[in-house]
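Only one structure is covered here, and it is reproduced in the block below.
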Amino acid sequence: MAERVFITGMGMITAIGDNVAENLERLRQQRSGLGFTSYIDTIYKQVLPVAEVKHNNDALFALAGITPREGYTRTTLLGLAAMREALRQAGIADIQSAPTGFINASTVGGMCDTEKVYFDIINPEKNGTFLQYIDTLDCADCTQRIADIVGFSEHIATISTACSSSANALMFGARMIKQGFLPRMVCGGTEALTRFTLNGFNSLKNIDKQFCRPFDQQRTGLNLGEGAAYLVLESESFARANNSRILAEFTGYCNANEAFHPTSPSPDGDGAYEAMKSALAMSGRTLGEVDYINVHGTATLNNDVSEGKALERLFGSGVPRFSSTKPFTGHTLAAAGAIEAIYAVLAIQQGIIFPNLNFKEKMEELNITPVTELMEGVSVNNVISNSFGFGGNNASLVISKYEG
Amino acid sequence: MEELKSKLKAQIIEALNLQDTKPEDIDDNAPLFGEGLGLDSIDSLELMVLLERQYHIKVEDPREGRKILQSVQSMADFIQSKQPA
Amino acid sequence: MAAISPQTTFQGDIFSAPLVHTDKNLLACVEPDYKPFIPANSLRRMTRVLKIGLTTALQCINGSGVETIGPIVTGTGKGSLQDTEKFIREIEQYKETALNPTPFIQSTYNSVNGLIALQVKGTAYNNTFVHRGFSFENALLDSMMLLAEGAPNTLTGAFEEITAEHFYIKSRIGFWKDAPTDNRALYETLTPGSIAGEGATFFLLTGTPAPNSKAALTGFKMLYKPAEAKLAAALAEMAAGADLVLTGRNGDSRYEHYYQQLDTLLPGIPQLPFKHLCGEHDTAGAFGMWLGAQILHAQQVPAQWFPMLKDIPATAGKILLYNHFYGEQHAIMVLERV
C-alpha cells in the first residue's frame, strides 16, 4: 500500500501578498492584484494589465534573505522568498535534517533578466557583468540557485509544461514519495513577468485589455501575473515520526493529454474531463464530496468553454461551487498550479470559498456560473484544482481535509 | 483587384510556408481554413500579422478576423475597403 | 529506440557507418528527410529541433512494434533555441507589434511533447523535464515510476539543438574549447571546454522484457553536485559485474578529475567514451544510453567510431554508463543484456 501524502508547509509570493497570510487577507478583502507594470520594459505598460509583485529586485533580495548579487534573476528571487516561507512554516530549520527533494517548475527561466541584456550578450563588442546572466536563461538556473542557497542535495528537477508546470511538479513529488524514493519533497514553481511572455500571449490575441473576466460571456482573454509558491509534501510515516503539523492531504492527481491542438483546448474539454475524473477516482472521493473547484479559468475564449463543458459533463446538474482566482493573481503560468493548490488548502482550513471577480454575464455555451461573492463558514473538505497548458497538457489535483 | 489578389496569394504562401502550393492553386473564393488549404487557428493569427505588416491594417478581434480571413477574395475586399480611395 | 545525432544513427547499419568528423567544435545532426514522417501541413511551421524530436519519436514507435502509446515523457535542457531566439529578435525588430505567434508557441519547452501526442493521439500522461544534465534523466525516472504504477509502456526521450547564436553565447562563458578541435582528437589534449553537439534520442520502455527488447536498465542514480566520496561510493556499488564502461568524457580539463576517479576505481574494465560522437549537450546522456543498448543488443561495438582506441572490446554483457554535465549533474546507469 503506497503511502499517503500530506501537505505540511506552504510559502508564496504573488501580486496580492508576500506570504500566505497576506494572500489570504487580500482574497478575503476581494482586492485584485491587477494593475500596470512598473518593471517590464514594454510599449504595453499602460495598455495590458498584469498582476505584478509590488517590489523591485532590491526589495526581493531582502525577502529572499540574501544580499544583492549578480546572476540572481527575479525568477530566482521570487522562488527563494516563497521557499523560505514554506520551509519556515513546515518547521524545517535545516533541510538536511531529512532527505528532501526539490521539484521546481518554470516556463521561461530567467528570461525576465536575460531579455534585458540579450543583445549585449550576442554582441562581441560588449563586455560586462551582464555576462553573469548568460546561464540564467534556462529553467534549471533558478532551481539550482534556490537549491544551493537552501541546501538541497538530494533529488532535484525542473518541469516545464507551460501553464500546468507546477501542478505537474506537485504530482511528480507526490509520486516520488509514494514510491519510496524520498520521505519529503518541496514542490512548486516560480514565474516572473517578462516582455517575452507578454508579447507571446499578445501575439496569440489572448490578453484582455480590461481586468480578466473568467467564465463571463464578454471575456476576451487573460492577464499575466507573476509569483512563486512551494508546498512541502511528506509521507504519512515521516510526518508522524517527525510530528509534523499536517495542513491537508494530497489525495488525488492526474495528468492527461488532449492531443487536440498545439495551443487550444478541445471544445468539449476532453482533457479537462479526463484529468478531473481520474484525479477524483484516485482520491477515493465521490462527485458529491467535492465542495469547491478552483478552476484554471484563464478567461480566454477557448479555455473557459472547454473547462466549463468538462465540468458539466463530469458533474451533470450537480456542478460544485467553482471560481477562478486569476482575477486576483493574474495567470502566473508555471507558478499557477502551486499558488492555486495553496488557495485550495486555505479554502479547506478557513472554510471559505473565493469569489470569481469581474463576472457579470453567464456564458451562452454553459448553464453554470462561478461563485461571485466571498463565502465564509462553509464546510470545505475536498477541492479540485485545475491547471491546463499548451500542448494539451491537463493536470488536476485533489486536495482534502486531513482527518487523521 | 486582380493584382492585389495575386500579390496576396504569394504573400500567404510565403508567410505560411506553403511549400507545395503555387499562387494559381489557390481559388479566390475557396475557404482558406478547414477543407480548403487546411489552415488552422494559428495560421489565422499569422494572416492577421501579414495584414498588419504588409498592409498596416490591424485586426483586434479574433472573431472579426475569422470573417475577413474566409478566402483570398474576402481578404482582398477587406484590404481594399481600408485603403484610401 | 531511435536517434538522430551528428553520426548517421537514424537509418542504416551503425556498425558500418563511418565516423562523421569536423574541427568546427560543433557537431550538428545528420538530418533525415522528414516528409515520410510528418504531414506537409504540419511540417511547414516546424523549426529544426521540433522536426528532429518528433521524427525520432515516430521512428522509435515504428520500430517498437507497440500499437498503443502510453505516457510520453521527455527531457530537454534548452528546448527550441531557434524559436526562442527568433521571438526575442522579432520583439525588438517589430517593436512589440505585429508579432507572429509561432516562434513563441514553439519556444515552449513542451511543444515537442505536444506534437508527438497530437500525431500519435497520445492522450495519456505527458511531461517534460528541463534541467540541464538531469533533463533526460528525470524523464527516465518518471518513466520508471509510471511503469511501476502500471503503465503498459512509455515513450521516453530527449532532444537538444545548438544554434550558431547559442554556440557563440556559451563560448563567452567557457563552454567550448578555444582551439579548433577535431572530434576524433577530443580526448588527446585536455584544455578548458568541450565541443558542442545536439541530437534527439527516444526509447520505448516497458516494465517487463519483450521479444524485441534491446537492453534492460537495471540500475540508475542521479547525483547533484556530489562530494567525490559520495560519487565514488555510488560508482563502485553500481559497477559490480560490469564488463564495459561508457563515459561522458569530453576533453574538458576542469572536470576531467571525475572521469579519472572512475579510471582509478575500475582499472580493469574497458571504457568507451561517446562525446566525440554526439558532442556535449544537456541531454547527451540519452545518446550514451542509446549506444549502450545498441552494443548490448547487437553484441558488437561499432569499432569504426573509435579510431583513437587501441583495444576495443568485442562485446559486453553489462554496461556501466557514467556521465555528468559540467560537473553539476552526475548520472550513473547500469544496462544489461536481455
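Labeling convention for the C-alpha cells: chains A, B, ... as they appear, residues from 1 per chain, ligands from 1 in order of appearance.
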Set the distance at 6 Å and use only C-alpha atoms: which residues neighbour stretch 27-40 of chain B once local chain neighbours fewer than 2 positions away are removed? I'd like the list as a PDB file with N, CA, C and O atoms, in the first residue's frame.
ATOM      1  N   ILE B  42      -3.808  28.985 -35.735  1.00  0.00           N
ATOM      2  CA  ILE B  42      -2.509  29.661 -35.658  1.00  0.00           C
ATOM      3  C   ILE B  42      -2.235  30.372 -36.983  1.00  0.00           C
ATOM      4  O   ILE B  42      -1.724  31.492 -37.022  1.00  0.00           O
ATOM      5  N   ASP B  43      -2.628  29.721 -38.092  1.00  0.00           N
ATOM      6  CA  ASP B  43      -2.480  30.370 -39.395  1.00  0.00           C
ATOM      7  C   ASP B  43      -3.306  31.655 -39.456  1.00  0.00           C
ATOM      8  O   ASP B  43      -2.879  32.645 -40.050  1.00  0.00           O
ATOM      9  N   GLN B  70     -11.847  34.491 -44.502  1.00  0.00           N
ATOM     10  CA  GLN B  70     -12.541  33.341 -45.095  1.00  0.00           C
ATOM     11  C   GLN B  70     -11.885  32.853 -46.380  1.00  0.00           C
ATOM     12  O   GLN B  70     -11.705  31.672 -46.604  1.00  0.00           O
ATOM     13  N   SER B  71     -11.536  33.801 -47.243  1.00  0.00           N
ATOM     14  CA  SER B  71     -10.964  33.445 -48.539  1.00  0.00           C
ATOM     15  C   SER B  71     -10.055  34.576 -48.998  1.00  0.00           C
ATOM     16  O   SER B  71     -10.026  35.653 -48.393  1.00  0.00           O
ATOM     17  N   VAL B  72      -9.329  34.330 -50.063  1.00  0.00           N
ATOM     18  CA  VAL B  72      -8.491  35.389 -50.628  1.00  0.00           C
ATOM     19  C   VAL B  72      -9.370  36.565 -51.044  1.00  0.00           C
ATOM     20  O   VAL B  72      -9.017  37.734 -50.842  1.00  0.00           O
ATOM     21  N   GLN B  73     -10.552  36.233 -51.595  1.00  0.00           N
ATOM     22  CA  GLN B  73     -11.481  37.290 -52.018  1.00  0.00           C
ATOM     23  C   GLN B  73     -11.889  38.174 -50.830  1.00  0.00           C
ATOM     24  O   GLN B  73     -11.829  39.403 -50.912  1.00  0.00           O
TER      25      GLN B  73
END
Check: If we count only C-alpha atoms, which residues of chain C reach to within 6 Å of chain B? Please list them as a count of residues only.
Finding: 3
Margin query: Near chain B, meaning an atom within 12 Å, which residues of chain A appear when counting only C-alpha atoms? Write them as a ChimeraX atom specification.
Written below: /A:200-209,219-221,260-265,300-302
Output C-alpha atoms of each residue in that selection to a file, as a PDB file, in the first residue's frame.
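In the end it all went to again_26.pdb:
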ATOM      1  CA  GLY A 200       3.818  35.949 -26.730  1.00  0.00           C
ATOM      2  CA  PHE A 201       0.301  35.857 -25.334  1.00  0.00           C
ATOM      3  CA  ASN A 202      -0.459  39.158 -27.032  1.00  0.00           C
ATOM      4  CA  SER A 203       0.581  37.657 -30.383  1.00  0.00           C
ATOM      5  CA  LEU A 204      -1.957  34.916 -29.692  1.00  0.00           C
ATOM      6  CA  LYS A 205      -4.538  37.695 -29.167  1.00  0.00           C
ATOM      7  CA  ASN A 206      -5.212  36.167 -25.808  1.00  0.00           C
ATOM      8  CA  ILE A 207      -4.823  39.146 -23.471  1.00  0.00           C
ATOM      9  CA  ASP A 208      -7.706  41.204 -22.148  1.00  0.00           C
ATOM     10  CA  LYS A 209      -7.109  44.969 -22.023  1.00  0.00           C
ATOM     11  CA  ARG A 219     -14.382  37.854 -21.600  1.00  0.00           C
ATOM     12  CA  THR A 220     -11.649  38.419 -24.208  1.00  0.00           C
ATOM     13  CA  GLY A 221      -8.568  36.909 -22.649  1.00  0.00           C
ATOM     14  CA  PHE A 260      -6.098  18.147 -29.993  1.00  0.00           C
ATOM     15  CA  HIS A 261      -4.147  21.291 -30.909  1.00  0.00           C
ATOM     16  CA  PRO A 262      -0.789  22.927 -30.011  1.00  0.00           C
ATOM     17  CA  THR A 263      -2.374  25.782 -28.035  1.00  0.00           C
ATOM     18  CA  SER A 264      -6.146  25.386 -27.936  1.00  0.00           C
ATOM     19  CA  PRO A 265      -8.177  23.033 -25.773  1.00  0.00           C
ATOM     20  CA  THR A 300      -9.507  33.064 -22.730  1.00  0.00           C
ATOM     21  CA  LEU A 301     -12.346  32.366 -25.142  1.00  0.00           C
ATOM     22  CA  ASN A 302     -11.377  28.731 -25.543  1.00  0.00           C
TER      23      ASN A 302
END
Report as an mmCIF file with C-alpha atoms, in the first residue's frame all protein, DNA and RNA residues lying within 12 Å of stretch 314-317 of chain A, evaluated on only C-alpha atoms, omitting residues in the same chain fewer than 2 positions from it.
data_model
loop_
_atom_site.group_PDB
_atom_site.id
_atom_site.type_symbol
_atom_site.label_atom_id
_atom_site.label_comp_id
_atom_site.auth_asym_id
_atom_site.auth_seq_id
_atom_site.Cartn_x
_atom_site.Cartn_y
_atom_site.Cartn_z
ATOM 1 C CA ASP A 268 -15.780 19.691 -25.223
ATOM 2 C CA GLY A 269 -12.923 19.680 -22.728
ATOM 3 C CA ASP A 270 -11.883 16.066 -23.222
ATOM 4 C CA GLY A 271 -8.557 16.515 -21.442
ATOM 5 C CA ALA A 272 -10.016 18.501 -18.569
ATOM 6 C CA TYR A 273 -12.777 15.915 -18.150
ATOM 7 C CA GLU A 274 -10.342 13.027 -18.093
ATOM 8 C CA ALA A 275 -7.926 14.771 -15.695
ATOM 9 C CA MET A 276 -10.637 15.694 -13.180
ATOM 10 C CA LYS A 277 -12.346 12.320 -13.408
ATOM 11 C CA SER A 278 -9.182 10.297 -12.881
ATOM 12 C CA LEU A 280 -11.103 12.229 -8.258
ATOM 13 C CA ALA A 281 -11.178 8.451 -8.721
ATOM 14 C CA THR A 286 -17.290 10.802 -4.963
ATOM 15 C CA LEU A 287 -18.537 13.576 -7.237
ATOM 16 C CA GLY A 288 -20.863 14.717 -4.469
ATOM 17 C CA GLU A 289 -18.000 15.082 -1.994
ATOM 18 C CA VAL A 290 -16.294 17.820 -3.996
ATOM 19 C CA ASP A 291 -17.053 21.108 -2.243
ATOM 20 C CA ILE A 293 -13.250 23.646 -7.683
ATOM 21 C CA GLU A 307 -13.311 23.704 -18.953
ATOM 22 C CA GLY A 308 -16.947 24.608 -18.349
ATOM 23 C CA LYS A 309 -18.132 21.854 -20.708
ATOM 24 C CA ALA A 310 -15.888 19.378 -18.892
ATOM 25 C CA LEU A 311 -17.427 20.414 -15.546
ATOM 26 C CA GLU A 312 -20.937 19.946 -16.904
ATOM 27 C CA VAL A 319 -21.542 21.088 -10.581
ATOM 28 C CA PRO A 320 -19.876 22.125 -7.287
ATOM 29 C CA ARG A 321 -19.138 25.731 -6.411
ATOM 30 C CA PHE A 322 -16.285 26.932 -8.565
ATOM 31 C CA LEU A 366 -22.812 26.959 -20.455
ATOM 32 C CA ASN A 367 -25.535 26.511 -17.864
ATOM 33 C CA ILE A 368 -23.227 27.159 -14.929
#
Could you make a table, as a tab-separated table, of the residues of chain A that have an atom within 7 Å of an atom of chain C, each with its nearest atom pair and distance in Å to one decimal, counting only C-alpha atoms, in chain and number order?
residue	atom	partner	partner_atom	distance
A:Ile121	CA	C:Ile169	CA	6.6
A:Ile122	CA	C:Ile169	CA	6.2
A:Asp138	CA	C:Lys78	CA	6.3
A:Cys139	CA	C:Val130	CA	6.2
A:Ala140	CA	C:His131	CA	4.7
A:Ser153	CA	C:Tyr224	CA	6.3
A:Glu154	CA	C:Tyr224	CA	6.8
A:Ala157	CA	C:His131	CA	6.0
A:Thr158	CA	C:His131	CA	5.3
A:Ile159	CA	C:Phe129	CA	4.5
A:Ser160	CA	C:Thr128	CA	5.7
A:Thr161	CA	C:Asn110	CA	5.2
A:Ala162	CA	C:Thr108	CA	6.7
A:Phe196	CA	C:Ile88	CA	6.8
A:Asn199	CA	C:Glu96	CA	6.5
A:Gly200	CA	C:Phe104	CA	5.5
A:Ser203	CA	C:Pro101	CA	5.0
A:Leu204	CA	C:Pro101	CA	5.8
A:Asn255	CA	C:Tyr125	CA	5.2
A:Ala256	CA	C:Tyr125	CA	4.8
A:Asn257	CA	C:Thr123	CA	4.4
A:Glu258	CA	C:Thr123	CA	5.5
A:Ala259	CA	C:Leu118	CA	4.1
A:Phe260	CA	C:Leu118	CA	6.1
A:His261	CA	C:Leu118	CA	6.9
A:Pro262	CA	C:Gly114	CA	6.3
A:Gly391	CA	C:Gly114	CA	4.0
A:Gly392	CA	C:Gly114	CA	6.4
A:Asn393	CA	C:Asn126	CA	6.7
Can you spit out the residues from that selection as a PDB file, in the first residue's frame, using C-alpha atoms?
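Contents of out-v6.pdb, freshly written:
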ATOM      1  CA  ILE A 121      25.207  39.025 -24.849  1.00  0.00           C
ATOM      2  CA  ILE A 122      25.258  38.323 -28.589  1.00  0.00           C
ATOM      3  CA  ASP A 138      17.399  28.158 -18.936  1.00  0.00           C
ATOM      4  CA  CYS A 139      14.865  26.767 -16.472  1.00  0.00           C
ATOM      5  CA  ALA A 140      17.346  24.848 -14.317  1.00  0.00           C
ATOM      6  CA  SER A 153      21.487  17.971  -2.031  1.00  0.00           C
ATOM      7  CA  GLU A 154      19.093  15.133  -2.832  1.00  0.00           C
ATOM      8  CA  ALA A 157      14.279  18.509 -11.088  1.00  0.00           C
ATOM      9  CA  THR A 158      12.647  21.243 -13.135  1.00  0.00           C
ATOM     10  CA  ILE A 159       9.442  20.726 -15.084  1.00  0.00           C
ATOM     11  CA  SER A 160       8.146  22.847 -17.933  1.00  0.00           C
ATOM     12  CA  THR A 161       4.744  22.034 -19.358  1.00  0.00           C
ATOM     13  CA  ALA A 162       3.570  25.612 -19.834  1.00  0.00           C
ATOM     14  CA  PHE A 196       8.781  37.796 -23.936  1.00  0.00           C
ATOM     15  CA  ASN A 199       4.266  39.667 -26.262  1.00  0.00           C
ATOM     16  CA  GLY A 200       3.818  35.949 -26.730  1.00  0.00           C
ATOM     17  CA  SER A 203       0.581  37.657 -30.383  1.00  0.00           C
ATOM     18  CA  LEU A 204      -1.957  34.916 -29.692  1.00  0.00           C
ATOM     19  CA  ASN A 255      -2.181  14.404 -15.919  1.00  0.00           C
ATOM     20  CA  ALA A 256      -3.869  13.679 -19.241  1.00  0.00           C
ATOM     21  CA  ASN A 257      -3.133  14.955 -22.703  1.00  0.00           C
ATOM     22  CA  GLU A 258      -5.704  16.136 -25.202  1.00  0.00           C
ATOM     23  CA  ALA A 259      -3.787  15.573 -28.422  1.00  0.00           C
ATOM     24  CA  PHE A 260      -6.098  18.147 -29.993  1.00  0.00           C
ATOM     25  CA  HIS A 261      -4.147  21.291 -30.909  1.00  0.00           C
ATOM     26  CA  PRO A 262      -0.789  22.927 -30.011  1.00  0.00           C
ATOM     27  CA  GLY A 391       0.460  21.206 -25.883  1.00  0.00           C
ATOM     28  CA  GLY A 392      -2.815  19.861 -24.493  1.00  0.00           C
ATOM     29  CA  ASN A 393      -1.280  19.297 -21.070  1.00  0.00           C
TER      30      ASN A 393
END
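If you look at atom CA of A:Leu357 and atom CA of A:Asp304, they are 14.6 Å away from each other.
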Next item on the list: Write out as a list in words each polymer residue whose atoms come within 12 Å of C:Glu256, counting only C-alpha atoms; drop sequence neighbours fewer than 2 positions from it.
Entry: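 Surrounding residues, per the criterion: Tyr187, Thr189, Leu190, Thr191, Pro192, Gly193, Ser194, Thr247, Gly248, Arg249, Asn250, Gly251, Asp252, Ser253, Arg254, Tyr258, Tyr259, Gln260, Gln261, Leu262, Asp263, Asn323, His324, Phe325, Tyr326 and Gly327 of chain C.
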Margin query: For stretch 278-280 of chain C, find every residue with an atom within 9 Å (counting only C-alpha atoms), except residues of its own chain fewer than 6 positions away, and show them as a PyMOL selection string.
Written below: chain C and resi 5-7+25-29+183+194-199+248+250+287-288+325
Item checked: 9 Å contact set for A:Gly188, only C-alpha atoms, chain neighbours under 2 positions out, as a count of residues only -> 24
Check: What is the atom CA of A:Phe119 to atom CA of A:Phe390 distance in Å?
Finding: 28.1 Å
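Among the candidates A:Tyr39, A:Phe388, A:Phe6, A:Tyr402, the residue lying nearest to A:Lys178 is A:Phe6 (atoms considered: only C-alpha atoms).
Put simply, atom CA of A:Arg26 is 17.0 Å away from atom CA of A:Met10.
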Item checked: Those of stretch 80-278 of chain A in DSSP alpha helix (DSSP H), formatted as a ChimeraX atom specification -> /A:80-89,111-121,140-150,165-178,195-203,236-241,270-278
Notebook entry, point to check: Near A:Ile13, counting only C-alpha atoms, which residues have an atom at most 12 Å away, once you skip same-chain residues fewer than 3 positions from it, shown as an NGL selection string?
Noted result: :A and (10 or 16-24 or 33 or 51-55 or 60 or 63-64 or 75 or 77-86 or 188-192 or 225-230 or 329 or 332 or 335-336 or 338-340 or 342)
